[in-house]
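A.B. asks: One structure is given below, represented as structure tokens, and several questions about it will come after.
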2 protein chains.
Amino acid sequence: MMRGAMLLGVAMALSAPGAQAGDALPSWRDGPAKQAIVAFVERTTTAGSPDFIAPGDRIAVFDNDGTLWSEQPLYFQFLFALDRVRALAPQHPEWKDTEPFASVLAGHPEKALAGGDKALIAIMQATHAGMTTEQFTQLVRDWLATARHPVTHKRYDEMVYKPMQELMAYLRAKGYGTWIVSGGGQEFMRAWVEGVYGIPPQQVIGSYAGLAYQPGDPPTILKTAQPELVDDHAGKPVGIQRFLGRRPVMAFGNSDGDFEMLEWTTTGKGPHFAAILHHTDAAREFAYDRKSPVGMLARGLDEAPKRNWVVIDMAKDWATVYPASP
Amino acid sequence: MMRGAMLLGVAMALSAPGAQAGDALPSWRDGPAKQAIVAFVERTTTAGSPDFIAPGDRIAVFDNDGTLWSEQPLYFQFLFALDRVRALAPQHPEWKDTEPFASVLAGHPEKALAGGDKALIAIMQATHAGMTTEQFTQLVRDWLATARHPVTHKRYDEMVYKPMQELMAYLRAKGYGTWIVSGGGQEFMRAWVEGVYGIPPQQVIGSYAGLAYQPGDPPTILKTAQPELVDDHAGKPVGIQRFLGRRPVMAFGNSDGDFEMLEWTTTGKGPHFAAILHHTDAAREFAYDRKSPVGMLARGLDEAPKRNWVVIDMAKDWATVYPASP
């Protein structure tokens, strides 16, 4: 009994409401966005609160590109694919005369992209299928270790948002499960997000093509080119239902590709919370919204007030954007 | 520091190696199967053991039909589908003259099944698609509350295996994540497994057809008839990679539909464990293996010895099969 009572006392002290919770978010300025997040987390995790949510039901979902790391001038996964086209070119002499590969190899990826979805799919299939999952994971890790962003010259995994890393750790300390729900490739993200965000592979929902089991010694799982889920727009609530089987309580996004995820999260029963990260910071990151081909945000901005979605203003709300380089 | 040290002491006392671990499995007789399970769990969860596995990597996967609950004389989900055909018949007057429905309605489901996969798919699509996920969940729960097994006259969710319930609780207490990987329908299982097995919806991998997000007030997610994953045989490692993104450490199955799951689990690096439940107990449950159309087990029995897979003999190894009826 005595040990039990002591444990209880310690647990209560650690989870006391308002116990300097804000200190968990030092990279956030003390503005309305931070206050709204902390207030929601406190009232859903404090025993006796009318909005208390049982630990097993505390689920927070995060878009990745533009919400947890940068996405300009092009989605980083697409920059990986372009690098893979260049690396694979010697094995594909025919690419010199075949679009969209010819334009990529000639140094004009924007011309390759003029081929639309068909060109994009061809590039993704040529670079993301036909190897085992383990081989693909190694390719992504090797690329991350050496590639540099064309504007900042940082490693791509140094262009994650420190305030969001803090937010995910804060939520986990409060009993929330943190999940990624992203248009990015599921296996691409799994290769690095556990180390960078603390999110294990089973909590990564992304776009995916087929997988094929290959018996053998040893057996392997092959990545195929068969499209299965595009985890964007209406595909996000579908991915959430498929993997989580329940509605999230909190959702964070940055573009109209996240609209349906935020809508699904905030139309369930019980307390819910959604926030949009608005890229307003040309000095420290990038500034874009309605007219950007990458991360376009228009409907979300228009409807956020009436839906009670919080808009995080990067320039105003964040004291820091990226972690200090090692 | 003092509180920290006390907490640590309590935690160590609670997880002390060999602390009467066997007591967690009272429905298992003290034979080779139980001993092998406990020995593996102890050596993978005891700090300092050469086979120690970090808590985040401790993943155990379980087939459902025939491994966690009974599956004779037909998969219970198929019995649900037949009941749904009867319930829906008034809305489908054409079924009286259309196979496979006509045979079901005439009381001859075995004749309906003579139509093979095509008949089975027609019955599943007619009963499992075209409603929202929430509506389907309610249908399953209402059915479970009233339907009775044709042989035992028990509720179907009373025909779960008590030794496996204890095993899953024991594994969770040892830091293992417990996951279902079953040929059964994902949403069918999610409707009841959390209460019965303690497994939350996000740890249920099953067969599934499509989902479609429908905006509206409120938005819903519709179950469609589009096949996506048959989570059986080679589909099991595929489902594991898709949902878990890592190889399990322990796998439990009962039929050759589980072969590839056990193979995938036991060909990874590091410690691993697999067991097959052999249905040998005609007195308390059912006895079947090589010649059963449901839960056929042949290759698994043949290869278990050379693959070091444990064979659980239900009649010998289990002191109890089902939980006491309420």
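Here, A, B, ... name the chains of the structure tokens in the order displayed, residue numbers run from 1 inside each chain, and ligands are numbered from 1 in the same displayed order.
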Among the residues of range 54-252 of chain A, find those DSSP assigns to strand (DSSP E or B) from the backbone and print them as a PyMOL selection string.
C.D. replies: chain A and resi 59-62+65+69+132+160+177-185+204-214+220-229+250-252
A.B. asks: Residues of chain B within 9 Å of chain A, counting only C-alpha atoms, what are they? List them as a PyMOL selection string.
C.D. replies: chain B and resi 3+6-7+10+56+133+186-187+190+200-205+208+210-215+217-221+228+234-239+241-246+260+263-264+267-268
A.B. asks: Please identify which residues in range 144-179 of chain A DSSP calls helix (DSSP H, G or I) from the backbone, and express them as a PyMOL selection string.
C.D. replies: chain A and resi 144-146+156-158+162-173
A.B. asks: Might you pull out every residue within 12 Å of Asp142 in chain A, with only C-alpha atoms counted and same-chain residues fewer than 3 positions away left off, and present them as JSON, numbers by chain?
C.D. replies: {"A": [80, 83, 84, 135, 136, 137, 138, 139, 145, 146, 147, 155, 188, 191, 192]}
A.B. asks: Quick one: residues within 12 Å of Arg307 in chain A, only C-alpha atoms, excluding same-chain residues fewer than 4 positions away - as a list in words?
C.D. replies: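 Final neighbour list, sorted by chain and number: Phe259, Leu262, Glu263, Trp264, Thr265, Thr266, Thr267, His272, Phe273, Ala274, Ala275, Ile276, Arg299, Gly300, Leu301, Asp302, Glu303 and Val311 of chain A.
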A.B. asks: Of the candidates A:Gly115, A:Gly198, A:Pro305, A:Pro163, which shows the shortest atom-to-atom distance to Trp318 in chain A, using only C-alpha atoms?
C.D. replies: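 Looking at the shortest contact to Trp318 in chain A, the residue is A:Pro163.
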A.B. asks: Closest to Ser27 in chain B among B:Val321, B:Val193, B:Met250, B:Ala119, using only C-alpha atoms?
C.D. replies: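 Result for the nearest residue to Ser27 in chain B: B:Val321.
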A.B. asks: What's around Pro293 in chain B at 12 Å? Count only C-alpha atoms, leave out sequence neighbours fewer than 4 positions away in its own chain, and write the answer as a short mmCIF file (atom, residue, chain, number, x, y, z; two decimals) with N, CA and C atoms, in the first residue's frame.
C.D. replies:
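Heads up, here's the output in around17.cif:
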data_model
loop_
_atom_site.label_atom_id
_atom_site.label_comp_id
_atom_site.auth_asym_id
_atom_site.auth_seq_id
_atom_site.Cartn_x
_atom_site.Cartn_y
_atom_site.Cartn_z
N GLU B 71 -13.24 -22.06 -35.16
CA GLU B 71 -13.53 -21.77 -36.57
C GLU B 71 -14.36 -22.88 -37.21
N GLN B 72 -14.85 -23.82 -36.40
CA GLN B 72 -15.66 -24.92 -36.94
C GLN B 72 -17.13 -24.73 -36.57
N PRO B 73 -18.09 -25.18 -37.34
CA PRO B 73 -17.93 -25.95 -38.58
C PRO B 73 -17.61 -25.07 -39.79
N LEU B 74 -17.80 -23.73 -39.62
CA LEU B 74 -17.45 -22.78 -40.68
C LEU B 74 -16.92 -21.53 -39.98
N TYR B 75 -16.06 -20.76 -40.67
CA TYR B 75 -15.60 -19.49 -40.12
C TYR B 75 -16.79 -18.69 -39.61
N LEU B 113 -22.02 -22.79 -51.33
CA LEU B 113 -20.56 -22.80 -51.36
C LEU B 113 -19.99 -23.63 -52.49
N SER B 255 -3.10 -22.87 -39.07
CA SER B 255 -3.39 -23.54 -40.34
C SER B 255 -2.29 -23.20 -41.35
N ASP B 256 -2.34 -23.85 -42.50
CA ASP B 256 -1.34 -23.54 -43.52
C ASP B 256 -1.51 -22.13 -44.08
N GLY B 257 -2.64 -21.50 -43.85
CA GLY B 257 -2.79 -20.08 -44.19
C GLY B 257 -1.86 -19.19 -43.39
N TYR B 288 -9.12 -31.62 -35.93
CA TYR B 288 -9.01 -31.55 -37.40
C TYR B 288 -7.61 -31.08 -37.75
N ASP B 289 -7.16 -31.44 -38.95
CA ASP B 289 -5.91 -30.89 -39.48
C ASP B 289 -5.83 -31.08 -40.99
N LEU B 297 -4.35 -27.96 -42.06
CA LEU B 297 -2.97 -27.88 -41.56
C LEU B 297 -2.22 -29.13 -42.00
N ALA B 298 -1.27 -28.98 -42.91
CA ALA B 298 -0.49 -30.13 -43.37
C ALA B 298 0.99 -29.74 -43.45
#
A.B. asks: Fewer than 6 positions away in the same chain doesn't count, so skip those; otherwise give me all residues within 8 Å of Phe62 in chain A, counting only C-alpha atoms, as a ChimeraX atom specification.
C.D. replies: /A:68,178-182,251-253
A.B. asks: Applying 12 Å and only C-alpha atoms, which residues near Trp69 in chain A remain after dropping the ones on its own chain fewer than 6 positions away? List them as an NGL selection string.
C.D. replies: :A and (62-63 or 75-77 or 155-165 or 180 or 182 or 184 or 189 or 193 or 196-197 or 253-254 or 277 or 279 or 285-286 or 295 or 321-323)
A.B. asks: Could you please take those selected residues and save N, CA and C atoms as a JSON list (two decimals), in the first residue's frame?
C.D. replies:
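Below is the file part.json, written as the result:
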[["chain", "number", "residue", "atom", "x", "y", "z"],
["A", 62, "PHE", "N", -0.50, 13.80, -37.88],
["A", 62, "PHE", "CA", 0.29, 14.87, -38.46],
["A", 62, "PHE", "C", 0.57, 14.58, -39.92],
["A", 63, "ASP", "N", 0.23, 15.53, -40.78],
["A", 63, "ASP", "CA", 0.80, 15.52, -42.12],
["A", 63, "ASP", "C", 2.33, 15.64, -42.00],
["A", 75, "TYR", "N", 8.72, 18.67, -53.15],
["A", 75, "TYR", "CA", 8.70, 17.62, -52.12],
["A", 75, "TYR", "C", 10.04, 16.91, -52.11],
["A", 76, "PHE", "N", 10.61, 16.71, -50.91],
["A", 76, "PHE", "CA", 11.95, 16.13, -50.81],
["A", 76, "PHE", "C", 11.99, 14.72, -51.39],
["A", 77, "GLN", "N", 10.89, 14.01, -51.27],
["A", 77, "GLN", "CA", 10.88, 12.65, -51.83],
["A", 77, "GLN", "C", 11.02, 12.68, -53.35],
["A", 155, "ARG", "N", 21.31, 19.04, -44.64],
["A", 155, "ARG", "CA", 20.75, 17.71, -44.82],
["A", 155, "ARG", "C", 19.23, 17.84, -44.77],
["A", 156, "TYR", "N", 18.52, 17.01, -45.54],
["A", 156, "TYR", "CA", 17.06, 17.13, -45.53],
["A", 156, "TYR", "C", 16.47, 16.85, -44.15],
["A", 157, "ASP", "N", 17.07, 15.89, -43.42],
["A", 157, "ASP", "CA", 16.49, 15.59, -42.10],
["A", 157, "ASP", "C", 16.90, 16.60, -41.04],
["A", 158, "GLU", "N", 17.65, 17.64, -41.45],
["A", 158, "GLU", "CA", 17.85, 18.79, -40.57],
["A", 158, "GLU", "C", 16.82, 19.87, -40.83],
["A", 159, "MET", "N", 15.99, 19.67, -41.84],
["A", 159, "MET", "CA", 14.96, 20.65, -42.17],
["A", 159, "MET", "C", 13.59, 20.24, -41.61],
["A", 160, "VAL", "N", 13.63, 19.54, -40.50],
["A", 160, "VAL", "CA", 12.41, 19.25, -39.74],
["A", 160, "VAL", "C", 12.16, 20.44, -38.81],
["A", 161, "TYR", "N", 10.92, 20.57, -38.37],
["A", 161, "TYR", "CA", 10.55, 21.73, -37.56],
["A", 161, "TYR", "C", 10.71, 21.42, -36.08],
["A", 162, "LYS", "N", 11.59, 22.14, -35.42],
["A", 162, "LYS", "CA", 11.82, 21.92, -33.99],
["A", 162, "LYS", "C", 10.55, 22.11, -33.17],
["A", 163, "PRO", "N", 9.72, 23.13, -33.46],
["A", 163, "PRO", "CA", 8.50, 23.26, -32.66],
["A", 163, "PRO", "C", 7.58, 22.04, -32.77],
["A", 164, "MET", "N", 7.56, 21.39, -33.92],
["A", 164, "MET", "CA", 6.71, 20.22, -34.08],
["A", 164, "MET", "C", 7.32, 19.00, -33.39],
["A", 165, "GLN", "N", 8.65, 18.90, -33.41],
["A", 165, "GLN", "CA", 9.29, 17.83, -32.62],
["A", 165, "GLN", "C", 8.92, 17.97, -31.15],
["A", 180, "ILE", "N", 1.80, 9.74, -38.20],
["A", 180, "ILE", "CA", 1.97, 10.50, -39.44],
["A", 180, "ILE", "C", 0.91, 10.02, -40.43],
["A", 182, "SER", "N", 0.41, 11.07, -44.26],
["A", 182, "SER", "CA", 1.05, 11.93, -45.25],
["A", 182, "SER", "C", 0.88, 11.41, -46.67],
["A", 184, "GLY", "N", 3.23, 11.51, -48.63],
["A", 184, "GLY", "CA", 4.54, 10.92, -48.92],
["A", 184, "GLY", "C", 4.49, 9.41, -48.87],
["A", 189, "MET", "N", 9.14, 7.28, -45.70],
["A", 189, "MET", "CA", 9.13, 7.94, -44.38],
["A", 189, "MET", "C", 9.64, 7.01, -43.28],
["A", 193, "VAL", "N", 11.86, 8.34, -39.99],
["A", 193, "VAL", "CA", 11.08, 9.16, -39.05],
["A", 193, "VAL", "C", 11.20, 8.71, -37.60],
["A", 196, "VAL", "N", 14.06, 10.68, -36.15],
["A", 196, "VAL", "CA", 13.92, 12.14, -36.20],
["A", 196, "VAL", "C", 12.70, 12.63, -35.43],
["A", 197, "TYR", "N", 11.59, 11.91, -35.48],
["A", 197, "TYR", "CA", 10.37, 12.35, -34.80],
["A", 197, "TYR", "C", 9.98, 11.48, -33.61],
["A", 253, "GLY", "N", -2.10, 19.90, -40.11],
["A", 253, "GLY", "CA", -1.75, 19.88, -41.52],
["A", 253, "GLY", "C", -1.26, 21.25, -41.97],
["A", 254, "ASN", "N", -1.02, 21.39, -43.27],
["A", 254, "ASN", "CA", -0.60, 22.70, -43.77],
["A", 254, "ASN", "C", -1.16, 23.03, -45.14],
["A", 277, "LEU", "N", -0.69, 24.75, -40.27],
["A", 277, "LEU", "CA", 0.54, 25.55, -40.25],
["A", 277, "LEU", "C", 0.57, 26.42, -41.50],
["A", 279, "HIS", "N", 2.55, 28.90, -43.83],
["A", 279, "HIS", "CA", 3.96, 29.22, -44.14],
["A", 279, "HIS", "C", 4.09, 30.70, -44.48],
["A", 285, "GLU", "N", 12.15, 30.38, -43.49],
["A", 285, "GLU", "CA", 11.79, 29.16, -44.21],
["A", 285, "GLU", "C", 11.29, 29.56, -45.60],
["A", 286, "PHE", "N", 10.00, 29.43, -45.86],
["A", 286, "PHE", "CA", 9.44, 29.84, -47.15],
["A", 286, "PHE", "C", 8.08, 30.46, -46.86],
["A", 295, "GLY", "N", 2.09, 22.33, -51.80],
["A", 295, "GLY", "CA", 1.50, 22.74, -50.52],
["A", 295, "GLY", "C", 0.47, 23.84, -50.65],
["A", 321, "VAL", "N", 12.75, 27.69, -36.02],
["A", 321, "VAL", "CA", 12.17, 26.84, -37.06],
["A", 321, "VAL", "C", 12.88, 25.49, -37.08],
["A", 322, "TYR", "N", 14.17, 25.51, -37.42],
["A", 322, "TYR", "CA", 14.91, 24.25, -37.54],
["A", 322, "TYR", "C", 15.75, 24.00, -36.28],
["A", 323, "PRO", "N", 16.02, 22.72, -35.98],
["A", 323, "PRO", "CA", 16.97, 22.44, -34.89],
["A", 323, "PRO", "C", 18.35, 22.98, -35.27]]
A.B. asks: Mind giving me the straight-line distance from CA of Ala47 in chain A to CA of Pro55 in chain B in Å, one decimal?
C.D. replies: 27.8 Å
A.B. asks: To one decimal place, how far is CA of Leu144 in chain B from CA of Pro109 in chain B in Å?
C.D. replies: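 Result for CA of Leu144 in chain B versus CA of Pro109 in chain B: 20.1 Å, one decimal.
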